[in-house]
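So this block is structure-v8.cif, mmCIF, N, CA and C atoms:
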```cif
data_target
loop_
_atom_site.group_PDB
_atom_site.id
_atom_site.type_symbol
_atom_site.label_atom_id
_atom_site.label_comp_id
_atom_site.auth_asym_id
_atom_site.auth_seq_id
_atom_site.Cartn_x
_atom_site.Cartn_y
_atom_site.Cartn_z
ATOM 1 N N MET I 1 -203.605 122.436 -184.836
ATOM 2 C CA MET I 1 -202.679 122.963 -183.869
ATOM 3 C C MET I 1 -202.467 121.903 -182.794
ATOM 4 N N LYS I 2 -201.241 121.852 -182.255
ATOM 5 C CA LYS I 2 -200.981 120.917 -181.171
ATOM 6 C C LYS I 2 -200.129 121.589 -180.102
ATOM 7 N N PHE I 3 -200.268 121.077 -178.894
ATOM 8 C CA PHE I 3 -199.533 121.575 -177.736
ATOM 9 C C PHE I 3 -198.767 120.398 -177.140
ATOM 10 N N THR I 4 -197.529 120.636 -176.757
ATOM 11 C CA THR I 4 -196.710 119.593 -176.151
ATOM 12 C C THR I 4 -196.364 120.000 -174.725
ATOM 13 N N VAL I 5 -196.545 119.050 -173.804
ATOM 14 C CA VAL I 5 -196.282 119.287 -172.386
ATOM 15 C C VAL I 5 -195.441 118.123 -171.871
ATOM 16 N N LYS I 6 -194.502 118.400 -171.008
ATOM 17 C CA LYS I 6 -193.726 117.336 -170.377
ATOM 18 C C LYS I 6 -194.607 116.623 -169.356
ATOM 19 N N LYS I 7 -194.545 115.296 -169.345
ATOM 20 C CA LYS I 7 -195.352 114.520 -168.392
ATOM 21 C C LYS I 7 -195.078 114.941 -166.952
ATOM 22 N N GLN I 8 -193.849 115.264 -166.644
ATOM 23 C CA GLN I 8 -193.487 115.639 -165.273
ATOM 24 C C GLN I 8 -194.174 116.917 -164.823
ATOM 25 N N ASP I 9 -194.710 117.700 -165.763
ATOM 26 C CA ASP I 9 -195.411 118.944 -165.436
ATOM 27 C C ASP I 9 -196.905 118.738 -165.188
ATOM 28 N N ILE I 10 -197.345 117.469 -165.241
ATOM 29 C CA ILE I 10 -198.759 117.147 -165.016
ATOM 30 C C ILE I 10 -198.845 116.152 -163.854
ATOM 31 N N PRO I 11 -198.823 116.659 -162.627
ATOM 32 C CA PRO I 11 -198.862 115.746 -161.470
ATOM 33 C C PRO I 11 -200.202 115.010 -161.378
ATOM 34 N N ILE I 12 -200.143 113.817 -160.850
ATOM 35 C CA ILE I 12 -201.355 113.009 -160.666
ATOM 36 C C ILE I 12 -202.305 113.721 -159.706
ATOM 37 N N GLY I 13 -203.581 113.783 -160.105
ATOM 38 C CA GLY I 13 -204.623 114.328 -159.240
ATOM 39 C C GLY I 13 -204.751 115.835 -159.226
ATOM 40 N N LYS I 14 -204.046 116.533 -160.118
ATOM 41 C CA LYS I 14 -204.100 118.004 -160.156
ATOM 42 C C LYS I 14 -204.614 118.476 -161.514
ATOM 43 N N LEU I 15 -205.406 119.533 -161.499
ATOM 44 C CA LEU I 15 -205.812 120.203 -162.736
ATOM 45 C C LEU I 15 -204.720 121.208 -163.099
ATOM 46 N N VAL I 16 -204.263 121.157 -164.347
ATOM 47 C CA VAL I 16 -203.166 122.012 -164.779
ATOM 48 C C VAL I 16 -203.545 122.732 -166.063
ATOM 49 N N GLU I 17 -203.383 124.045 -166.078
ATOM 50 C CA GLU I 17 -203.593 124.819 -167.298
ATOM 51 C C GLU I 17 -202.350 124.657 -168.173
ATOM 52 N N VAL I 18 -202.550 124.265 -169.449
ATOM 53 C CA VAL I 18 -201.420 124.080 -170.354
ATOM 54 C C VAL I 18 -201.431 125.048 -171.526
ATOM 55 N N SER I 19 -202.534 125.763 -171.702
ATOM 56 C CA SER I 19 -202.632 126.765 -172.762
ATOM 57 C C SER I 19 -203.594 127.856 -172.321
ATOM 58 N N VAL I 20 -203.236 129.093 -172.660
ATOM 59 C CA VAL I 20 -204.082 130.231 -172.307
ATOM 60 C C VAL I 20 -205.056 130.558 -173.438
ATOM 61 N N SER I 21 -204.598 130.428 -174.684
ATOM 62 C CA SER I 21 -205.440 130.766 -175.833
ATOM 63 C C SER I 21 -205.243 129.735 -176.938
ATOM 64 N N PRO I 22 -206.127 128.761 -177.056
ATOM 65 C CA PRO I 22 -207.330 128.563 -176.252
ATOM 66 C C PRO I 22 -206.959 128.047 -174.861
ATOM 67 N N LYS I 23 -207.830 128.324 -173.913
ATOM 68 C CA LYS I 23 -207.580 127.872 -172.533
ATOM 69 C C LYS I 23 -207.868 126.373 -172.465
ATOM 70 N N ILE I 24 -206.803 125.612 -172.171
ATOM 71 C CA ILE I 24 -206.903 124.159 -172.078
ATOM 72 C C ILE I 24 -206.349 123.723 -170.727
ATOM 73 N N ILE I 25 -207.082 122.822 -170.067
ATOM 74 C CA ILE I 25 -206.594 122.231 -168.826
ATOM 75 C C ILE I 25 -206.442 120.726 -169.028
ATOM 76 N N VAL I 26 -205.541 120.136 -168.260
ATOM 77 C CA VAL I 26 -205.338 118.689 -168.308
ATOM 78 C C VAL I 26 -205.469 118.120 -166.906
ATOM 79 N N PHE I 27 -205.784 116.824 -166.873
ATOM 80 C CA PHE I 27 -205.882 116.105 -165.603
ATOM 81 C C PHE I 27 -205.300 114.722 -165.790
ATOM 82 N N ASN I 28 -204.428 114.334 -164.858
ATOM 83 C CA ASN I 28 -203.780 113.030 -164.865
ATOM 84 C C ASN I 28 -204.362 112.229 -163.701
ATOM 85 N N ASN I 29 -205.090 111.148 -164.015
ATOM 86 C CA ASN I 29 -205.671 110.334 -162.938
ATOM 87 C C ASN I 29 -204.746 109.187 -162.524
ATOM 88 N N GLY I 30 -203.525 109.182 -163.047
ATOM 89 C CA GLY I 30 -202.571 108.132 -162.730
ATOM 90 C C GLY I 30 -202.534 107.029 -163.767
ATOM 91 N N GLU I 31 -203.575 106.947 -164.575
ATOM 92 C CA GLU I 31 -203.640 105.950 -165.641
ATOM 93 C C GLU I 31 -203.768 106.595 -167.012
ATOM 94 N N GLN I 32 -204.399 107.759 -167.051
ATOM 95 C CA GLN I 32 -204.674 108.427 -168.319
ATOM 96 C C GLN I 32 -204.671 109.938 -168.103
ATOM 97 N N ILE I 33 -204.359 110.659 -169.165
ATOM 98 C CA ILE I 33 -204.380 112.124 -169.113
ATOM 99 C C ILE I 33 -205.504 112.612 -170.007
ATOM 100 N N PHE I 34 -206.313 113.515 -169.469
ATOM 101 C CA PHE I 34 -207.451 114.078 -170.194
ATOM 102 C C PHE I 34 -207.208 115.569 -170.410
ATOM 103 N N ALA I 35 -207.718 116.097 -171.517
ATOM 104 C CA ALA I 35 -207.604 117.528 -171.809
ATOM 105 C C ALA I 35 -208.965 118.053 -172.253
ATOM 106 N N VAL I 36 -209.389 119.146 -171.633
ATOM 107 C CA VAL I 36 -210.670 119.783 -171.964
ATOM 108 C C VAL I 36 -210.489 121.304 -171.938
ATOM 109 N N SER I 37 -211.473 122.006 -172.493
ATOM 110 C CA SER I 37 -211.431 123.460 -172.419
ATOM 111 C C SER I 37 -211.483 123.882 -170.956
ATOM 112 N N GLY I 38 -210.822 124.979 -170.641
ATOM 113 C CA GLY I 38 -210.627 125.360 -169.250
ATOM 114 C C GLY I 38 -211.519 126.459 -168.720
ATOM 115 N N ILE I 39 -212.598 126.778 -169.444
ATOM 116 C CA ILE I 39 -213.529 127.818 -168.993
ATOM 117 C C ILE I 39 -214.920 127.210 -168.857
ATOM 118 N N CYS I 40 -215.524 127.379 -167.705
ATOM 119 C CA CYS I 40 -216.879 126.871 -167.488
ATOM 120 C C CYS I 40 -217.866 127.646 -168.370
ATOM 121 N N PRO I 41 -218.721 126.939 -169.113
ATOM 122 C CA PRO I 41 -219.689 127.633 -169.979
ATOM 123 C C PRO I 41 -220.784 128.362 -169.202
ATOM 124 N N HIS I 42 -220.910 128.092 -167.911
ATOM 125 C CA HIS I 42 -221.948 128.726 -167.104
ATOM 126 C C HIS I 42 -221.617 130.189 -166.810
ATOM 127 N N ALA I 43 -220.461 130.422 -166.173
ATOM 128 C CA ALA I 43 -220.130 131.791 -165.766
ATOM 129 C C ALA I 43 -218.681 132.151 -166.072
ATOM 130 N N LYS I 44 -218.084 131.395 -167.023
ATOM 131 C CA LYS I 44 -216.710 131.673 -167.476
ATOM 132 C C LYS I 44 -215.672 131.540 -166.362
ATOM 133 N N TRP I 45 -215.941 130.694 -165.378
ATOM 134 C CA TRP I 45 -215.024 130.472 -164.271
ATOM 135 C C TRP I 45 -213.851 129.619 -164.762
ATOM 136 N N PRO I 46 -212.612 129.890 -164.314
ATOM 137 C CA PRO I 46 -211.465 129.066 -164.715
ATOM 138 C C PRO I 46 -211.539 127.680 -164.049
ATOM 139 N N LEU I 47 -211.638 126.653 -164.864
ATOM 140 C CA LEU I 47 -211.877 125.316 -164.332
ATOM 141 C C LEU I 47 -210.692 124.693 -163.608
ATOM 142 N N GLU I 48 -209.481 125.212 -163.796
ATOM 143 C CA GLU I 48 -208.354 124.673 -163.032
ATOM 144 C C GLU I 48 -208.481 124.992 -161.547
ATOM 145 N N LEU I 49 -209.436 125.869 -161.195
ATOM 146 C CA LEU I 49 -209.712 126.181 -159.790
ATOM 147 C C LEU I 49 -210.737 125.223 -159.182
ATOM 148 N N GLY I 50 -211.214 124.281 -159.983
ATOM 149 C CA GLY I 50 -212.169 123.283 -159.505
ATOM 150 C C GLY I 50 -211.450 122.059 -158.974
ATOM 151 N N PHE I 51 -212.170 120.926 -158.949
ATOM 152 C CA PHE I 51 -211.569 119.677 -158.478
ATOM 153 C C PHE I 51 -212.187 118.506 -159.219
ATOM 154 N N VAL I 52 -211.461 117.385 -159.185
ATOM 155 C CA VAL I 52 -211.924 116.172 -159.855
ATOM 156 C C VAL I 52 -212.053 115.064 -158.821
ATOM 157 N N LYS I 53 -213.200 114.383 -158.879
ATOM 158 C CA LYS I 53 -213.433 113.202 -158.057
ATOM 159 C C LYS I 53 -213.931 112.114 -159.002
ATOM 160 N N GLY I 54 -213.190 111.003 -159.071
ATOM 161 C CA GLY I 54 -213.516 109.980 -160.066
ATOM 162 C C GLY I 54 -213.291 110.569 -161.443
ATOM 163 N N GLN I 55 -214.318 110.605 -162.260
ATOM 164 C CA GLN I 55 -214.223 111.231 -163.579
ATOM 165 C C GLN I 55 -215.035 112.514 -163.653
ATOM 166 N N THR I 56 -215.437 113.047 -162.512
ATOM 167 C CA THR I 56 -216.266 114.252 -162.496
ATOM 168 C C THR I 56 -215.439 115.471 -162.116
ATOM 169 N N LEU I 57 -215.378 116.415 -163.037
ATOM 170 C CA LEU I 57 -214.751 117.717 -162.806
ATOM 171 C C LEU I 57 -215.841 118.651 -162.305
ATOM 172 N N THR I 58 -215.626 119.238 -161.140
ATOM 173 C CA THR I 58 -216.592 120.173 -160.577
ATOM 174 C C THR I 58 -216.010 121.577 -160.622
ATOM 175 N N CYS I 59 -216.751 122.498 -161.217
ATOM 176 C CA CYS I 59 -216.332 123.891 -161.299
ATOM 177 C C CYS I 59 -216.314 124.488 -159.889
ATOM 178 N N GLY I 60 -215.221 125.166 -159.550
ATOM 179 C CA GLY I 60 -215.087 125.787 -158.238
ATOM 180 C C GLY I 60 -215.972 126.999 -158.049
ATOM 181 N N GLY I 61 -216.509 127.553 -159.134
ATOM 182 C CA GLY I 61 -217.340 128.749 -159.034
ATOM 183 C C GLY I 61 -218.761 128.476 -158.591
ATOM 184 N N HIS I 62 -219.455 127.614 -159.326
ATOM 185 C CA HIS I 62 -220.875 127.398 -159.052
ATOM 186 C C HIS I 62 -221.274 125.930 -159.050
ATOM 187 N N GLY I 63 -220.276 125.038 -159.058
ATOM 188 C CA GLY I 63 -220.565 123.621 -158.877
ATOM 189 C C GLY I 63 -221.026 122.852 -160.094
ATOM 190 N N TRP I 64 -220.947 123.438 -161.282
ATOM 191 C CA TRP I 64 -221.318 122.664 -162.460
ATOM 192 C C TRP I 64 -220.375 121.477 -162.572
ATOM 193 N N GLU I 65 -220.900 120.338 -163.057
ATOM 194 C CA GLU I 65 -220.113 119.118 -163.144
ATOM 195 C C GLU I 65 -219.982 118.647 -164.594
ATOM 196 N N PHE I 66 -218.784 118.122 -164.898
ATOM 197 C CA PHE I 66 -218.453 117.664 -166.243
ATOM 198 C C PHE I 66 -217.758 116.316 -166.168
ATOM 199 N N ASP I 67 -217.990 115.469 -167.161
ATOM 200 C CA ASP I 67 -217.250 114.219 -167.291
ATOM 201 C C ASP I 67 -215.893 114.583 -167.886
ATOM 202 N N ILE I 68 -214.819 114.464 -167.105
ATOM 203 C CA ILE I 68 -213.487 114.889 -167.527
ATOM 204 C C ILE I 68 -212.995 114.086 -168.731
ATOM 205 N N SER I 69 -213.497 112.878 -168.934
ATOM 206 C CA SER I 69 -213.022 112.043 -170.039
ATOM 207 C C SER I 69 -213.620 112.427 -171.387
ATOM 208 N N LYS I 70 -214.765 113.096 -171.374
ATOM 209 C CA LYS I 70 -215.445 113.440 -172.617
ATOM 210 C C LYS I 70 -215.802 114.920 -172.737
ATOM 211 N N GLY I 71 -215.819 115.624 -171.606
ATOM 212 C CA GLY I 71 -216.208 117.025 -171.609
ATOM 213 C C GLY I 71 -217.701 117.249 -171.449
ATOM 214 N N ASN I 72 -218.486 116.175 -171.394
ATOM 215 C CA ASN I 72 -219.941 116.302 -171.285
ATOM 216 C C ASN I 72 -220.349 116.950 -169.971
ATOM 217 N N CYS I 73 -221.290 117.882 -170.046
ATOM 218 C CA CYS I 73 -221.802 118.534 -168.848
ATOM 219 C C CYS I 73 -222.865 117.645 -168.219
ATOM 220 N N VAL I 74 -222.642 117.284 -166.960
ATOM 221 C CA VAL I 74 -223.571 116.447 -166.218
ATOM 222 C C VAL I 74 -224.708 117.301 -165.657
ATOM 223 N N THR I 75 -224.372 118.499 -165.214
ATOM 224 C CA THR I 75 -225.329 119.399 -164.568
ATOM 225 C C THR I 75 -226.359 119.957 -165.546
ATOM 226 N N ASN I 76 -225.908 120.326 -166.717
ATOM 227 C CA ASN I 76 -226.779 120.948 -167.713
ATOM 228 C C ASN I 76 -226.401 120.398 -169.095
ATOM 229 N N PRO I 77 -226.930 119.215 -169.460
ATOM 230 C CA PRO I 77 -226.567 118.582 -170.722
ATOM 231 C C PRO I 77 -226.665 119.552 -171.912
ATOM 232 N N GLY I 78 -225.667 119.450 -172.771
ATOM 233 C CA GLY I 78 -225.607 120.338 -173.930
ATOM 234 C C GLY I 78 -224.667 121.516 -173.732
ATOM 235 N N ARG I 79 -224.248 121.770 -172.497
ATOM 236 C CA ARG I 79 -223.310 122.862 -172.195
ATOM 237 C C ARG I 79 -221.922 122.269 -171.955
ATOM 238 N N ASP I 80 -221.492 121.452 -172.905
ATOM 239 C CA ASP I 80 -220.289 120.654 -172.765
ATOM 240 C C ASP I 80 -219.009 121.464 -172.958
ATOM 241 N N LEU I 81 -217.918 120.893 -172.454
ATOM 242 C CA LEU I 81 -216.579 121.430 -172.672
ATOM 243 C C LEU I 81 -216.015 120.799 -173.937
ATOM 244 N N LYS I 82 -215.129 121.508 -174.600
ATOM 245 C CA LYS I 82 -214.437 120.912 -175.736
ATOM 246 C C LYS I 82 -213.469 119.871 -175.190
ATOM 247 N N ASN I 83 -213.478 118.709 -175.813
ATOM 248 C CA ASN I 83 -212.592 117.617 -175.436
ATOM 249 C C ASN I 83 -211.458 117.559 -176.454
ATOM 250 N N TYR I 84 -210.221 117.480 -175.984
ATOM 251 C CA TYR I 84 -209.059 117.455 -176.864
ATOM 252 C C TYR I 84 -208.459 116.051 -176.901
ATOM 253 N N ARG I 85 -207.995 115.670 -178.076
ATOM 254 C CA ARG I 85 -207.323 114.373 -178.240
ATOM 255 C C ARG I 85 -205.935 114.460 -177.623
ATOM 256 N N VAL I 86 -205.572 113.427 -176.854
ATOM 257 C CA VAL I 86 -204.296 113.393 -176.147
ATOM 258 C C VAL I 86 -203.528 112.143 -176.566
ATOM 259 N N ILE I 87 -202.254 112.323 -176.878
ATOM 260 C CA ILE I 87 -201.359 111.196 -177.137
ATOM 261 C C ILE I 87 -200.199 111.311 -176.162
ATOM 262 N N GLU I 88 -199.933 110.211 -175.486
ATOM 263 C CA GLU I 88 -198.806 110.169 -174.554
ATOM 264 C C GLU I 88 -197.693 109.352 -175.183
ATOM 265 N N ASN I 89 -196.472 109.882 -175.155
ATOM 266 C CA ASN I 89 -195.326 109.057 -175.469
ATOM 267 C C ASN I 89 -194.358 109.163 -174.308
ATOM 268 N N GLN I 90 -193.163 108.727 -174.437
ATOM 269 C CA GLN I 90 -192.265 108.534 -173.304
ATOM 270 C C GLN I 90 -192.311 109.642 -172.258
ATOM 271 N N ASN I 91 -191.900 110.827 -172.599
ATOM 272 C CA ASN I 91 -191.814 111.910 -171.614
ATOM 273 C C ASN I 91 -192.710 113.094 -171.937
ATOM 274 N N GLU I 92 -193.514 112.947 -172.987
ATOM 275 C CA GLU I 92 -194.330 114.072 -173.437
ATOM 276 C C GLU I 92 -195.799 113.687 -173.563
ATOM 277 N N VAL I 93 -196.601 114.729 -173.477
ATOM 278 C CA VAL I 93 -198.030 114.621 -173.742
ATOM 279 C C VAL I 93 -198.311 115.599 -174.876
ATOM 280 N N ILE I 94 -198.952 115.092 -175.932
ATOM 281 C CA ILE I 94 -199.288 115.950 -177.074
ATOM 282 C C ILE I 94 -200.798 116.108 -177.090
ATOM 283 N N ILE I 95 -201.241 117.365 -177.112
ATOM 284 C CA ILE I 95 -202.665 117.704 -177.089
ATOM 285 C C ILE I 95 -203.009 118.319 -178.433
ATOM 286 N N PHE I 96 -204.001 117.768 -179.110
ATOM 287 C CA PHE I 96 -204.389 118.221 -180.435
ATOM 288 C C PHE I 96 -205.657 119.052 -180.379
ATOM 289 N N ASP I 97 -205.602 120.232 -180.957
ATOM 290 C CA ASP I 97 -206.772 121.119 -181.093
ATOM 291 C C ASP I 97 -207.266 120.952 -182.521
ATOM 292 N N GLU I 98 -208.221 120.033 -182.693
ATOM 293 C CA GLU I 98 -208.712 119.701 -184.039
ATOM 294 C C GLU I 98 -210.124 120.204 -184.239
#
```

Go through the file and emit its structure as structure tokens.
Amino acid sequence: MKFTVKKQDIPIGKLVEVSVSPKIIVFNNGEQIFAVSGICPHAKWPLELGFVKGQTLTCGGHGWEFDISKGNCVTNPGRDLKNYRVIENQNEVIIFDE
């Protein structure tokens, strides 16, 4: 399955939900776009309500931290987010759920 999003709908520095089922969020750091599952494995908090500093996504609910580029949980290793493959072309971002 794949999801297509217009690049203009992913502002730099903002977490954006692009799919509800499965819940997928994206983040544009100005150089690259990352896509990960959008629910915190700790307490099922919606991760688009969190924030990103550097490559660390922090859950707004209880502060769990994840590497946005890989989905790895920094706070509790092994409780990782699903990482989605992203391809950027001219005006679109394609997210693959593989």

Report as a JSON list (two decimals) with N, CA and C atoms, in the coordinates of the input all protein, DNA and RNA residues lying within 7 Å of I:Thr75, evaluated on all atoms listed in the file, omitting residues in the same chain fewer than 2 positions from it.
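For reference, result-v3.json as written:
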```json
[["chain", "number", "residue", "atom", "x", "y", "z"],
["I", 64, "TRP", "N", -220.95, 123.44, -161.28],
["I", 64, "TRP", "CA", -221.32, 122.66, -162.46],
["I", 64, "TRP", "C", -220.38, 121.48, -162.57],
["I", 65, "GLU", "N", -220.90, 120.34, -163.06],
["I", 65, "GLU", "CA", -220.11, 119.12, -163.14],
["I", 65, "GLU", "C", -219.98, 118.65, -164.59],
["I", 66, "PHE", "N", -218.78, 118.12, -164.90],
["I", 66, "PHE", "CA", -218.45, 117.66, -166.24],
["I", 66, "PHE", "C", -217.76, 116.32, -166.17],
["I", 72, "ASN", "N", -218.49, 116.18, -171.39],
["I", 72, "ASN", "CA", -219.94, 116.30, -171.28],
["I", 72, "ASN", "C", -220.35, 116.95, -169.97],
["I", 73, "CYS", "N", -221.29, 117.88, -170.05],
["I", 73, "CYS", "CA", -221.80, 118.53, -168.85],
["I", 73, "CYS", "C", -222.86, 117.64, -168.22],
["I", 77, "PRO", "N", -226.93, 119.22, -169.46],
["I", 77, "PRO", "CA", -226.57, 118.58, -170.72],
["I", 77, "PRO", "C", -226.66, 119.55, -171.91]]
```

**Report entry** Spatial neighbours of I:Pro41, max dist 7 Å, all atoms listed in the file, sep filter under 3 positions, as a VMD selection string
**Finding:** chain I and resid 44 to 45 79 to 81

Query - Nearest to I:Ile25, chosen from I:Gln55, I:Asn76, I:Gln8, I:Asn83, with only C-alpha atoms counted in the distances - result: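 The shortest atom-to-atom distance to I:Ile25 comes from I:Asn83.
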
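Comparing the minimum interatomic distances between I:Ser19 and each of I:Lys82, I:His62, I:Lys7, I:Lys2, counting only C-alpha atoms, we find that I:Lys2 sits nearest.
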
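Distances from I:Asn29, I:Asn89, I:Ser37, I:Thr58 to I:Lys14 were compared using only N, CA and C atoms, and the smallest one belongs to I:Asn29.
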
Query - Backbone-only DSSP, helix (DSSP H, G or I) members of chain I, as a PyMOL selection string - result: chain I and resi 7-9+47-49

Query - Pick from I:Ala35, I:Asn28, I:Val74, I:Pro22, whichever lies nearest to I:Ile95 using all atoms listed in the file - result: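 For I:Ile95, the nearest of the candidates is I:Ala35.
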
Report task. Let me know the residues the PyMOL selection byres ((chain I and resi 30) around 8) catches in the file above, as number ranges by chain. Result -> I: 11-14, 27-29, 31-33

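Atom C of I:Arg85 is found 7.6 Å from atom CA of I:Phe34.
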